[in-house]
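Asks: Sharing upload-v9.cif (mmCIF, C-alpha atoms) below.
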```cif
data_model
loop_
_atom_site.label_atom_id
_atom_site.label_comp_id
_atom_site.auth_asym_id
_atom_site.auth_seq_id
_atom_site.Cartn_x
_atom_site.Cartn_y
_atom_site.Cartn_z
CA MET T 1 -53.97 -27.23 -70.53
CA LYS T 2 -53.77 -24.95 -67.50
CA ARG T 3 -50.29 -24.85 -65.97
CA VAL T 4 -49.57 -23.44 -62.52
CA LEU T 5 -46.06 -22.87 -61.21
CA LEU T 6 -45.12 -24.03 -57.72
CA ILE T 7 -42.00 -22.10 -56.71
CA SER T 8 -39.87 -22.34 -53.59
CA PRO T 9 -36.31 -21.23 -52.77
CA LEU T 10 -33.46 -23.71 -52.32
CA GLU T 11 -33.85 -23.47 -48.56
CA PRO T 12 -36.03 -26.36 -47.27
CA SER T 13 -39.58 -25.08 -47.12
CA GLY T 14 -41.78 -28.18 -46.88
CA VAL T 15 -42.93 -27.83 -50.48
CA THR T 16 -42.53 -31.57 -51.09
CA TRP T 17 -45.43 -32.09 -48.67
CA LEU T 18 -47.69 -30.13 -51.01
CA ILE T 19 -46.34 -31.91 -54.09
CA ASN T 20 -47.05 -35.27 -52.50
CA VAL T 21 -50.58 -34.22 -51.53
CA LEU T 22 -51.26 -33.12 -55.12
CA LEU T 23 -50.00 -36.44 -56.46
CA GLU T 24 -52.24 -38.29 -54.01
CA LEU T 25 -55.14 -36.22 -55.37
CA GLN T 26 -54.15 -37.26 -58.92
CA VAL T 27 -52.94 -33.78 -59.93
CA CYS T 28 -50.06 -34.00 -62.39
CA THR T 29 -46.95 -32.37 -60.93
CA TRP T 30 -43.53 -32.38 -62.55
CA ARG T 31 -40.11 -30.76 -62.60
CA GLY T 32 -37.92 -30.02 -65.61
CA ARG T 33 -40.16 -31.25 -68.41
CA ARG T 34 -43.34 -33.26 -68.04
CA ARG T 35 -42.28 -35.90 -70.57
CA HIS T 36 -38.93 -36.35 -68.82
CA MET T 37 -40.67 -37.19 -65.55
CA TRP T 38 -43.77 -39.05 -66.71
CA ARG T 39 -44.35 -41.73 -69.31
CA GLU T 40 -48.02 -41.41 -70.26
CA GLN T 41 -50.09 -43.76 -72.36
CA ASN T 42 -53.87 -44.30 -72.55
CA GLY T 43 -54.46 -41.98 -69.61
CA VAL T 44 -52.01 -43.80 -67.30
CA ALA T 45 -48.78 -42.15 -66.12
CA THR T 46 -45.74 -43.93 -64.72
CA LEU T 47 -42.53 -42.40 -63.39
CA THR T 48 -39.55 -42.55 -65.77
CA ARG T 49 -36.44 -44.37 -64.61
CA GLN T 50 -34.42 -41.14 -64.79
CA GLN T 51 -36.59 -39.64 -62.02
CA ASP T 52 -36.52 -42.60 -59.65
CA GLU T 53 -34.55 -40.60 -57.06
CA LEU T 54 -37.65 -38.48 -56.44
CA LYS T 55 -38.92 -41.37 -54.34
CA ARG T 56 -36.54 -40.05 -51.64
CA TRP T 57 -38.74 -36.97 -51.32
CA LEU T 58 -42.19 -38.14 -52.38
CA PRO T 59 -43.74 -41.24 -50.77
CA ALA T 60 -46.61 -41.18 -53.29
CA LEU T 61 -44.16 -42.33 -55.97
CA SER T 62 -43.42 -45.47 -53.95
CA ASP T 63 -47.01 -46.03 -52.83
CA HIS T 64 -48.45 -45.94 -56.36
CA SER T 65 -47.06 -47.66 -59.44
CA CYS T 66 -49.15 -45.46 -61.74
CA PHE T 67 -51.40 -42.41 -61.74
CA ARG T 68 -54.50 -41.30 -63.60
CA PHE T 69 -54.08 -37.54 -63.60
CA ARG T 70 -56.98 -35.12 -63.69
CA PRO T 71 -57.39 -33.62 -67.16
CA GLY T 72 -56.75 -30.00 -68.02
CA ILE T 73 -54.38 -29.09 -65.16
CA GLU T 74 -50.70 -29.55 -64.37
CA VAL T 75 -48.34 -28.11 -61.76
CA GLN T 76 -44.68 -27.45 -62.53
CA TRP T 77 -42.49 -27.12 -59.45
CA ALA T 78 -39.03 -25.57 -59.38
CA HIS T 79 -36.54 -23.50 -57.41
CA HIS T 80 -35.99 -21.27 -60.45
CA TRP T 81 -35.70 -17.51 -60.52
CA PRO T 82 -38.47 -15.88 -62.65
CA ALA T 83 -37.40 -16.31 -66.27
CA PRO T 84 -39.34 -14.33 -68.92
CA LYS T 85 -41.16 -17.51 -70.00
CA TYR T 86 -42.87 -17.59 -66.57
CA ARG T 87 -44.00 -13.98 -66.75
CA ASP T 88 -47.74 -14.47 -67.15
CA GLN T 89 -48.17 -17.84 -65.42
CA GLN T 90 -50.20 -18.26 -62.26
CA THR T 91 -47.74 -19.02 -59.48
CA LEU T 92 -47.89 -20.51 -55.99
CA LEU T 93 -44.93 -19.19 -53.98
CA PHE T 94 -44.21 -21.59 -51.11
CA VAL T 95 -42.38 -19.83 -48.28
CA ARG T 96 -41.03 -20.61 -44.84
CA ASP T 97 -39.57 -18.27 -42.23
CA PRO T 98 -36.08 -17.83 -43.71
CA ARG T 99 -34.48 -17.82 -40.28
CA ASP T 100 -35.57 -21.44 -39.84
CA ALA T 101 -35.18 -22.42 -43.50
CA LEU T 102 -31.57 -21.30 -43.92
CA TYR T 103 -30.41 -23.15 -40.81
CA SER T 104 -32.21 -26.26 -42.09
CA ARG T 105 -30.36 -25.92 -45.40
CA TYR T 106 -27.05 -25.59 -43.54
CA ARG T 107 -27.64 -28.89 -41.72
CA ARG T 108 -28.69 -30.59 -44.98
CA ASP T 109 -25.69 -29.39 -47.02
CA ALA T 110 -23.21 -30.52 -44.37
CA ALA T 111 -20.73 -27.77 -45.25
CA ALA T 112 -17.39 -27.76 -43.44
CA LEU T 113 -18.03 -24.17 -42.36
CA THR T 114 -19.58 -22.52 -39.33
CA TYR T 115 -23.17 -21.43 -39.78
CA LEU T 116 -22.14 -17.78 -40.01
CA GLU T 117 -19.48 -18.60 -42.62
CA TYR T 118 -22.02 -20.65 -44.56
CA ALA T 119 -24.58 -17.83 -44.52
CA ASP T 120 -21.92 -15.41 -45.81
CA PHE T 121 -20.83 -17.74 -48.64
CA PRO T 122 -22.19 -16.46 -52.00
CA CYS T 123 -25.05 -18.19 -53.80
CA ILE T 124 -24.02 -19.48 -57.20
CA TRP T 125 -26.43 -17.49 -59.40
CA SER T 126 -26.84 -14.23 -57.51
CA LEU T 127 -23.29 -13.92 -56.09
CA LEU T 128 -24.90 -12.58 -52.90
CA ASN T 129 -24.64 -13.95 -49.40
CA LYS T 130 -27.49 -16.31 -48.56
CA VAL T 131 -29.51 -13.72 -46.63
CA ASP T 132 -29.51 -11.16 -49.44
CA SER T 133 -29.96 -13.87 -52.07
CA TRP T 134 -33.10 -15.24 -50.39
CA CYS T 135 -34.50 -11.73 -50.10
CA LEU T 136 -33.78 -10.88 -53.73
CA PHE T 137 -35.26 -14.20 -54.92
CA MET T 138 -38.49 -13.44 -53.08
CA ARG T 139 -38.65 -9.83 -54.24
CA PHE T 140 -38.21 -10.82 -57.88
CA TRP T 141 -41.03 -13.34 -57.63
CA LEU T 142 -43.33 -10.97 -55.74
CA ALA T 143 -42.83 -8.46 -58.56
CA GLN T 144 -44.39 -10.94 -61.01
CA PRO T 145 -48.15 -10.95 -61.73
CA GLN T 146 -50.49 -13.69 -60.46
CA ILE T 147 -48.57 -14.64 -57.31
CA GLN T 148 -50.22 -16.40 -54.38
CA VAL T 149 -48.22 -17.15 -51.23
CA VAL T 150 -48.51 -20.48 -49.39
CA ARG T 151 -46.74 -20.63 -46.02
CA PHE T 152 -45.03 -23.62 -44.40
CA GLU T 153 -46.27 -22.46 -41.00
CA ASP T 154 -49.90 -22.50 -42.15
CA TYR T 155 -49.52 -26.04 -43.48
CA ARG T 156 -48.13 -27.15 -40.10
CA LEU T 157 -51.02 -25.55 -38.20
CA ARG T 158 -53.91 -26.01 -40.66
CA PRO T 159 -53.00 -28.57 -43.33
CA PHE T 160 -56.60 -29.22 -44.42
CA ASP T 161 -57.32 -25.52 -44.94
CA THR T 162 -54.01 -25.07 -46.79
CA VAL T 163 -54.86 -27.85 -49.25
CA GLN T 164 -58.30 -26.37 -49.85
CA GLN T 165 -56.69 -22.97 -50.55
CA VAL T 166 -54.36 -24.52 -53.12
CA LEU T 167 -57.16 -26.49 -54.79
CA ARG T 168 -59.19 -23.30 -55.19
CA THR T 169 -56.21 -21.69 -56.91
CA LEU T 170 -55.96 -24.66 -59.25
CA GLY T 171 -59.69 -24.57 -59.94
CA LEU T 172 -60.16 -28.07 -58.52
CA THR T 173 -62.36 -29.67 -55.91
CA ALA T 174 -61.97 -32.72 -53.69
CA THR T 175 -64.12 -34.27 -51.02
CA ASP T 176 -63.15 -33.97 -47.37
CA GLY T 177 -62.39 -37.69 -47.36
CA GLU T 178 -60.07 -37.40 -50.38
CA ILE T 179 -58.16 -34.55 -48.75
CA GLU T 180 -57.85 -36.39 -45.44
CA THR T 181 -56.57 -39.51 -47.21
CA ALA T 182 -54.01 -37.46 -49.14
CA LEU T 183 -52.85 -35.77 -45.92
CA ALA T 184 -52.47 -39.11 -44.14
CA ALA T 185 -50.27 -40.36 -46.98
CA SER T 186 -48.08 -37.22 -46.88
CA THR T 187 -46.99 -37.03 -43.25
CA PHE T 188 -43.39 -36.53 -42.19
CA ALA T 189 -43.30 -40.12 -40.93
CA ARG T 190 -44.35 -41.40 -44.36
CA ALA T 191 -41.71 -39.26 -46.05
CA GLN T 192 -39.02 -40.59 -43.71
CA GLU T 193 -40.11 -44.16 -44.33
CA ALA T 194 -40.07 -43.67 -48.12
CA GLU T 195 -36.59 -42.14 -48.01
CA SER T 196 -35.26 -44.96 -45.85
CA THR T 197 -36.70 -47.54 -48.23
CA TRP T 198 -35.20 -45.81 -51.27
CA ARG T 199 -31.75 -45.52 -49.70
CA ALA T 200 -31.74 -49.19 -48.74
CA ALA T 201 -32.83 -50.25 -52.23
CA ASN T 202 -30.17 -48.10 -53.87
CA LEU T 203 -27.38 -48.97 -51.41
CA SER T 204 -26.92 -45.30 -50.50
CA PRO T 205 -26.81 -45.21 -46.68
CA GLY T 206 -24.21 -42.41 -46.66
CA LEU T 207 -26.37 -39.84 -48.42
CA ALA T 208 -27.47 -36.83 -46.39
CA THR T 209 -30.97 -37.13 -44.95
CA ILE T 210 -33.44 -35.06 -46.96
CA ASN T 211 -36.57 -35.39 -44.84
CA ARG T 212 -36.03 -33.62 -41.54
CA ALA T 213 -38.64 -32.67 -38.98
CA GLY T 214 -39.04 -28.99 -39.77
CA SER T 215 -40.03 -26.93 -36.74
CA VAL T 216 -41.28 -23.37 -36.36
CA GLY T 217 -39.07 -20.86 -34.56
CA SER T 218 -36.08 -23.16 -34.11
CA TYR T 219 -33.72 -20.31 -35.10
CA ALA T 220 -34.38 -18.72 -31.69
CA GLN T 221 -32.28 -21.46 -30.08
CA LEU T 222 -29.14 -20.25 -31.86
CA SER T 223 -26.70 -18.09 -29.92
CA GLY T 224 -23.45 -16.22 -30.34
CA PRO T 225 -22.29 -15.52 -33.91
CA ASP T 226 -24.90 -17.93 -35.31
CA ALA T 227 -27.70 -15.75 -33.94
CA THR T 228 -26.51 -12.82 -36.05
CA VAL T 229 -27.86 -14.55 -39.18
CA ALA T 230 -31.43 -14.15 -37.92
CA GLU T 231 -30.63 -10.54 -37.04
CA ALA T 232 -29.43 -9.98 -40.61
CA PHE T 233 -32.81 -11.17 -41.92
CA LEU T 234 -34.52 -8.69 -39.59
CA ALA T 235 -32.47 -5.84 -41.03
CA ARG T 236 -32.05 -6.77 -44.68
CA GLY T 237 -35.36 -8.57 -45.21
CA ALA T 238 -37.66 -6.63 -42.91
CA ASP T 239 -40.09 -5.87 -45.74
CA LEU T 240 -40.49 -9.60 -46.46
CA LEU T 241 -40.84 -10.67 -42.83
CA ASN T 242 -43.59 -8.08 -42.46
CA ARG T 243 -45.31 -9.07 -45.69
CA PHE T 244 -45.27 -12.82 -44.99
CA GLY T 245 -46.45 -12.31 -41.40
CA TYR T 246 -43.31 -13.58 -39.66
CA GLU T 247 -42.93 -10.26 -37.86
CA GLN T 248 -45.19 -7.26 -37.39
CA GLY T 249 -44.09 -3.67 -37.82
CA VAL T 250 -40.36 -4.39 -38.19
CA ASP T 251 -38.39 -1.27 -39.12
CA GLU T 252 -37.73 -1.37 -42.88
CA SER T 253 -35.37 1.60 -43.00
CA ARG T 254 -32.24 -0.58 -43.28
CA VAL T 255 -33.40 -2.70 -46.23
CA PRO T 256 -30.62 -2.40 -48.85
CA ASP T 257 -31.16 -1.37 -52.45
CA LEU T 258 -29.40 -4.08 -54.47
CA SER T 259 -29.97 -2.47 -57.89
CA LEU T 260 -26.28 -1.81 -58.48
CA HIS T 261 -25.44 -5.42 -57.72
CA VAL T 262 -28.18 -6.66 -60.07
CA ASP T 263 -26.66 -4.54 -62.85
CA ARG T 264 -23.26 -6.21 -62.35
CA VAL T 265 -24.39 -9.87 -62.47
CA GLU T 266 -25.24 -11.28 -65.91
CA PHE T 267 -27.88 -13.72 -64.65
CA LEU T 268 -29.72 -11.13 -62.57
CA ARG T 269 -29.69 -8.50 -65.32
CA GLU T 270 -31.82 -10.71 -67.57
CA LEU T 271 -34.58 -11.41 -65.05
CA PRO T 272 -37.94 -9.71 -65.75
CA GLY T 273 -39.88 -7.41 -63.47
CA ARG T 274 -36.99 -6.01 -61.45
CA PRO T 275 -38.27 -5.08 -57.98
CA VAL T 276 -37.65 -1.57 -56.67
CA VAL T 277 -36.95 -2.17 -52.99
CA GLY T 278 -34.63 -0.75 -50.40
CA THR T 279 -33.91 2.54 -48.72
CA VAL T 280 -30.17 2.14 -48.14
CA ALA T 281 -27.81 2.41 -51.09
CA ALA T 282 -25.70 -0.77 -51.15
CA PRO T 283 -22.19 -0.59 -52.65
CA ALA T 284 -22.07 -2.50 -55.91
CA VAL T 285 -20.59 -5.98 -55.38
CA SER T 286 -18.20 -4.80 -52.64
CA GLU T 287 -19.02 -7.68 -50.26
CA THR T 288 -18.89 -10.13 -53.17
CA LEU T 289 -15.44 -8.91 -54.19
CA VAL T 290 -14.14 -9.47 -50.66
CA TRP T 291 -15.26 -13.10 -50.92
CA LEU T 292 -13.87 -13.60 -54.40
CA ARG T 293 -10.42 -12.45 -53.32
CA ARG T 294 -10.43 -15.18 -50.66
CA LEU T 295 -11.91 -17.90 -52.83
CA ASN T 296 -9.84 -20.99 -53.62
CA ARG T 297 -10.38 -24.70 -54.14
CA ASP T 298 -10.22 -25.47 -50.41
CA LEU T 299 -12.93 -22.95 -49.58
CA LEU T 300 -15.06 -24.17 -52.47
CA GLY T 301 -14.70 -27.73 -51.20
CA ALA T 302 -15.75 -26.69 -47.70
CA SER T 303 -18.85 -24.90 -48.97
CA GLY T 304 -20.98 -28.02 -49.44
CA LEU T 305 -21.42 -27.28 -53.16
CA ASP T 306 -21.10 -30.13 -55.64
CA PRO T 307 -18.43 -29.74 -58.39
CA ARG T 308 -20.94 -28.49 -60.98
CA ASP T 309 -22.24 -25.76 -58.67
CA GLN T 310 -18.69 -24.79 -57.71
CA GLU T 311 -17.94 -24.21 -61.38
CA ILE T 312 -21.14 -22.21 -61.89
CA LEU T 313 -20.17 -19.93 -59.00
CA VAL T 314 -16.69 -19.29 -60.40
CA GLN T 315 -17.93 -18.79 -63.97
CA ALA T 316 -20.58 -16.35 -62.76
CA ALA T 317 -17.90 -14.43 -60.87
CA LEU T 318 -15.64 -14.29 -63.93
CA ARG T 319 -18.46 -12.58 -65.85
CA LEU T 320 -19.05 -10.02 -63.13
CA ARG T 321 -18.98 -6.45 -64.41
CA GLY T 322 -16.18 -4.42 -62.86
CA LEU T 323 -13.97 -7.39 -62.04
CA SER T 324 -10.31 -6.52 -62.50
CA GLU T 325 -7.93 -8.61 -64.60
CA GLN T 326 -5.97 -9.40 -61.46
CA GLU T 327 -9.11 -10.75 -59.81
CA ARG T 328 -9.95 -12.78 -62.91
CA ASP T 329 -6.48 -14.28 -62.92
CA HIS T 330 -6.84 -15.19 -59.24
CA LEU T 331 -10.16 -16.95 -59.82
CA THR T 332 -8.90 -18.81 -62.86
CA GLY T 333 -5.70 -19.93 -61.17
CA GLN T 334 -7.11 -20.77 -57.75
CA CYS T 335 -10.57 -22.12 -58.53
CA LEU T 336 -10.73 -23.72 -61.98
CA ASP T 337 -9.14 -26.84 -63.36
CA ALA T 338 -8.90 -28.63 -66.70
CA ARG T 339 -12.34 -30.23 -66.28
CA GLU T 340 -14.18 -26.95 -66.87
CA THR T 341 -17.56 -27.75 -68.47
CA ASN T 342 -19.21 -24.36 -69.14
CA ALA T 343 -22.05 -25.29 -66.80
CA TYR T 344 -22.84 -21.63 -66.17
CA ALA T 345 -23.51 -20.82 -69.82
CA ALA T 346 -25.55 -24.00 -70.21
CA GLY T 347 -27.57 -23.00 -67.15
CA LEU T 348 -28.24 -19.56 -68.63
CA TYR T 349 -29.55 -21.19 -71.78
CA ARG T 350 -31.82 -23.56 -69.84
CA HIS T 351 -33.22 -20.66 -67.84
CA PHE T 352 -33.64 -18.02 -70.52
CA GLY T 353 -33.74 -20.10 -73.72
CA ARG T 354 -31.58 -17.63 -75.64
CA LEU T 355 -29.17 -18.94 -78.24
CA LYS T 356 -26.55 -16.30 -77.40
CA HIS T 357 -25.74 -18.22 -74.22
CA LEU T 358 -24.68 -21.30 -76.18
CA ARG T 359 -21.69 -19.54 -77.75
CA SER T 360 -19.44 -20.30 -74.77
CA VAL T 361 -20.69 -23.86 -74.20
CA SER T 362 -18.23 -26.51 -75.29
CA PRO T 363 -19.29 -29.05 -77.98
CA ALA T 364 -18.70 -31.87 -75.50
CA VAL T 365 -21.23 -30.39 -73.06
CA LEU T 366 -23.76 -29.85 -75.84
CA GLY T 367 -23.29 -33.43 -77.00
CA ARG T 368 -23.91 -34.87 -73.54
CA TRP T 369 -26.92 -32.60 -73.14
CA VAL T 370 -28.52 -33.79 -76.38
CA LEU T 371 -27.72 -37.43 -75.55
CA ASN T 372 -29.34 -37.17 -72.11
CA ARG T 373 -32.47 -35.64 -73.60
CA LEU T 374 -32.70 -38.45 -76.15
CA ARG T 375 -32.27 -41.07 -73.45
CA SER T 376 -35.10 -39.55 -71.41
CA ARG T 377 -37.51 -40.19 -74.28
CA PHE T 378 -36.85 -43.92 -74.54
#
```
Using the file provided, produce a representation of the structure as structure tokens.
Replies:
Amino acid sequence: MKRVLLISPLEPSGVTWLINVLLELQVCTWRGRRRHMWREQNGVATLTRQQDELKRWLPALSDHSCFRFRPGIEVQWAHHWPAPKYRDQQTLLFVRDPRDALYSRYRRDAAALTYLEYADFPCIWSLLNKVDSWCLFMRFWLAQPQIQVVRFEDYRLRPFDTVQQVLRTLGLTATDGEIETALAASTFARAQEAESTWRAANLSPGLATINRAGSVGSYAQLSGPDATVAEAFLARGADLLNRFGYEQGVDESRVPDLSLHVDRVEFLRELPGRPVVGTVAAPAVSETLVWLRRLNRDLLGASGLDPRDQEILVQAALRLRGLSEQERDHLTGQCLDARETNAYAAGLYRHFGRLKHLRSVSPAVLGRWVLNRLRSRF
């Protein structure tokens, strides 16, 4: 079975459009584990009840009660950083101009922060602000073998050609009519309609809207302090904007070298294929430490993070190399409560698959984890 990874960052990139097109073309796509998403018998696949919420994103799951997937090929999609188990897998890296994508994420997360404050708030796994975290995510993936980039902007301008490009990567063919039909079933209007139907059926009108009309170059409308986020991408991600074709000939002399920060963060240290990028020596975790000294429950609540991700952020910070005991005491006293669940250690195990990460996971968390996996099989 040939497996191809479809990777995108957390920032909205339009990747669900491609996933929906692949499903319409009867290409098996899944997240997490294939058997957790699909119940397959006699060549027919149906969506498991545990994954019903995916109908918010993917109209194909509402339009079709079952699928007959093409044999010999599957596509796993994720927002994951490149764990060692992905090292030699063929990968489609779906990207969007980060200046548009980050603002779209800000509107989706509905954080009680200004856009500039939101962009400066650390990401839970990298402990970097969102500009540097996006850049490091991309650089780590580009350092892996067998990477092919698919751009949001190309899909908006030339959707038919983009699908053909992806099918060639997968080693598949489809007629022009099949591609056109899949495209017609994967429009933004169809995605909006499917989300509206799902929310009404599940009595969830208050949920944030997932499917938004992504536009190209919308970041240029921002002004004042908000506009400085795009300027930060120009300085700190110039190499990526040049490589992906979002700018041409941007000066790369101010791109920071984040190697010292990578060495301090447990999660980042274990990633394979560390990229060697940057011409400006960046102080190790200095900006992160400034944030951690300010962090408290109120700021966590305003960040737009759910409780699990809030805990992952704090636990990652507590494991930061070079953190003083005074700073640890501040984080423990100001940011944690009695409901601590060891979500960070469990996340490390899921990503890297190493038993050493289970040592700090509570038995209660392990029990719930095993129970959920058993439920997904029946």
Asks: Write out as number ranges by chain which residues come within 10 Å of Gly249 of chain T when counting all atoms listed in the file, dropping same-chain ones fewer than 4 positions away.
Replies: T: 238-239, 241-243, 245
Asks: I would like the residues chosen by the PyMOL selection byres ((chain T and resi 145) around 12) on the shown file; could you give them as a list of chain:residue names?
Replies: T:Pro82, T:Pro84, T:Tyr86, T:Arg87, T:Asp88, T:Gln89, T:Gln90, T:Thr91, T:Leu92, T:Leu93, T:Phe140, T:Trp141, T:Leu142, T:Ala143, T:Gln144, T:Gln146, T:Ile147, T:Gln148, T:Pro272, T:Gly273
Asks: Evaluate the PyMOL selection byres ((chain T and resi 69) around 6) against this structure - the residues, as a list in words, please.
Replies: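 This file gives the following for the PyMOL selection byres ((chain T and resi 69) around 6): Gln26, Val27, Cys28, Phe67, Arg68 and Arg70 of chain T.
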Asks: Restricting the calculation to all atoms listed in the file: of T:Val131, T:Leu170, T:Val163, T:Leu54, which residue gets closest to Glu74 of chain T?
Replies: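 Result for the nearest residue to Glu74 of chain T: T:Leu170.
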Asks: Pick out the closest residue to Phe352 of chain T from this set: T:Ala185, T:Ala200, T:Val255, T:Ala83. Count all atoms listed in the file.
Replies: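 Answer, going by the shortest atom-to-atom distance: T:Ala83.
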Asks: Could you put an axis-aligned box around every listed atom of segment 158-161 of chain T, padded by 6 Å on each side, and send me its centre and edge lengths in Å to one decimal, as AutoDock Vina command-line options?
Replies:
```
--center_x -55.2 --center_y -27.4 --center_z -42.8 --size_x 16.3 --size_y 15.7 --size_z 16.3
```
Asks: Pick from T:Leu102, T:Met138, T:Val262, T:Leu336: nearest to Gly237 of chain T, with all atoms listed in the file counted?
Replies: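 Checking each candidate against Gly237 of chain T, we get T:Met138 as the closest.
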Asks: Hey, what comes out of the PyMOL selection byres ((chain T and resi 286-296) around 9) on this file? Could you write it as a list of chain:residue names?
Replies: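 So the PyMOL selection byres ((chain T and resi 286-296) around 9), applied here, picks out T:Asp120, T:Phe121, T:Pro122, T:Leu127, T:Leu128, T:Asn129, T:His261, T:Ala282, T:Pro283, T:Ala284, T:Val285, T:Arg297, T:Asp298, T:Leu299, T:Leu300, T:Gly301, T:Val314, T:Ala317, T:Leu323, T:Glu327, T:His330, T:Leu331, T:Gly333, T:Gln334, T:Cys335, T:Leu336.
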Asks: Pick out the residues sitting within 10 Å of Ser360 of chain T, and hand them over as a PyMOL selection string; count all atoms listed in the file, and ignore anything fewer than 4 positions along from it in its own chain.
Replies: chain T and resi 341-346+356
Asks: Do you have the atom CA of Leu47 of chain T-atom CA of Arg35 of chain T distance handy?
Replies: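 Straight-line distance from atom CA of Leu47 of chain T to atom CA of Arg35 of chain T works out to 9.7 Å.
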Asks: Select, from T:Thr48, T:Phe137, T:Phe267, T:Leu258, the residue with the minimum atom-to-atom distance to Arg350 of chain T, counting only C-alpha atoms.
Replies: T:Phe267
Asks: Just the number, please: distance in Å from atom CA of Trp81 of chain T to atom CA of Ser218 of chain T, one decimal.
Replies: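 Answer for the atom CA of Trp81 of chain T to atom CA of Ser218 of chain T separation: 27.0 Å.
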Asks: Between atom CA of Leu313 of chain T and atom CA of Lys55 of chain T, measure the distance and give it in Å to one decimal.
Replies: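 The value is 28.9 Å.
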Asks: Counting only C-alpha atoms, which residue out of T:Leu113, T:Val15, T:Lys2, T:His80 sits closest to Gly32 of chain T?
Replies: T:His80
Asks: Name the residues within 7 Å of (-38.1, -43.4, -67.0), counting all atoms listed in the file in the file's coordinates, and put them as a short mmCIF file (atom, residue, chain, number, x, y, z; two decimals) with C-alpha atoms, keeping the file's coordinate frame.
Replies:
```cif
data_model
loop_
_atom_site.label_atom_id
_atom_site.label_comp_id
_atom_site.auth_asym_id
_atom_site.auth_seq_id
_atom_site.Cartn_x
_atom_site.Cartn_y
_atom_site.Cartn_z
CA MET T 37 -40.67 -37.19 -65.55
CA ARG T 39 -44.35 -41.73 -69.31
CA LEU T 47 -42.53 -42.40 -63.39
CA THR T 48 -39.55 -42.55 -65.77
CA ARG T 49 -36.44 -44.37 -64.61
CA GLN T 50 -34.42 -41.14 -64.79
CA GLN T 51 -36.59 -39.64 -62.02
CA SER T 376 -35.10 -39.55 -71.41
#
```
Asks: Hey, which of T:Leu25, T:Val4, T:Leu10, T:Val250 ends up closest to Thr173 of chain T? Count all atoms listed in the file.
Replies: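 Residue with the minimum atom-to-atom distance to Thr173 of chain T: T:Leu25.
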Asks: Output as an mmCIF file, keeping the file's coordinate frame: segment 111-120 of chain T, completed with N, CA, C and O atoms.
Replies:
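File written: selection-v7.cif
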```cif
data_model
loop_
_atom_site.group_PDB
_atom_site.id
_atom_site.type_symbol
_atom_site.label_atom_id
_atom_site.label_comp_id
_atom_site.auth_asym_id
_atom_site.auth_seq_id
_atom_site.Cartn_x
_atom_site.Cartn_y
_atom_site.Cartn_z
ATOM 1 N N ALA T 111 -21.937 -28.519 -44.891
ATOM 2 C CA ALA T 111 -20.730 -27.770 -45.250
ATOM 3 C C ALA T 111 -19.733 -27.802 -44.099
ATOM 4 O O ALA T 111 -20.106 -27.848 -42.928
ATOM 5 N N ALA T 112 -18.448 -27.777 -44.450
ATOM 6 C CA ALA T 112 -17.390 -27.760 -43.440
ATOM 7 C C ALA T 112 -17.092 -26.319 -43.034
ATOM 8 O O ALA T 112 -15.940 -25.878 -42.995
ATOM 9 N N LEU T 113 -18.131 -25.568 -42.746
ATOM 10 C CA LEU T 113 -18.030 -24.170 -42.360
ATOM 11 C C LEU T 113 -18.911 -23.953 -41.135
ATOM 12 O O LEU T 113 -19.837 -24.725 -40.875
ATOM 13 N N THR T 114 -18.637 -22.897 -40.383
ATOM 14 C CA THR T 114 -19.580 -22.520 -39.330
ATOM 15 C C THR T 114 -20.848 -22.003 -39.994
ATOM 16 O O THR T 114 -20.861 -21.662 -41.188
ATOM 17 N N TYR T 115 -21.911 -21.918 -39.213
ATOM 18 C CA TYR T 115 -23.170 -21.430 -39.780
ATOM 19 C C TYR T 115 -23.035 -20.006 -40.299
ATOM 20 O O TYR T 115 -23.538 -19.670 -41.373
ATOM 21 N N LEU T 116 -22.330 -19.163 -39.568
ATOM 22 C CA LEU T 116 -22.140 -17.780 -40.010
ATOM 23 C C LEU T 116 -21.331 -17.735 -41.301
ATOM 24 O O LEU T 116 -21.659 -16.979 -42.228
ATOM 25 N N GLU T 117 -20.273 -18.540 -41.387
ATOM 26 C CA GLU T 117 -19.480 -18.600 -42.620
ATOM 27 C C GLU T 117 -20.330 -19.099 -43.794
ATOM 28 O O GLU T 117 -20.222 -18.598 -44.915
ATOM 29 N N TYR T 118 -21.155 -20.101 -43.521
ATOM 30 C CA TYR T 118 -22.020 -20.650 -44.560
ATOM 31 C C TYR T 118 -23.011 -19.599 -45.055
ATOM 32 O O TYR T 118 -23.242 -19.468 -46.263
ATOM 33 N N ALA T 119 -23.613 -18.862 -44.136
ATOM 34 C CA ALA T 119 -24.580 -17.830 -44.520
ATOM 35 C C ALA T 119 -23.909 -16.720 -45.336
ATOM 36 O O ALA T 119 -24.544 -16.112 -46.203
ATOM 37 N N ASP T 120 -22.638 -16.460 -45.074
ATOM 38 C CA ASP T 120 -21.920 -15.410 -45.810
ATOM 39 C C ASP T 120 -21.411 -15.879 -47.166
ATOM 40 O O ASP T 120 -21.054 -15.059 -48.014
#
```
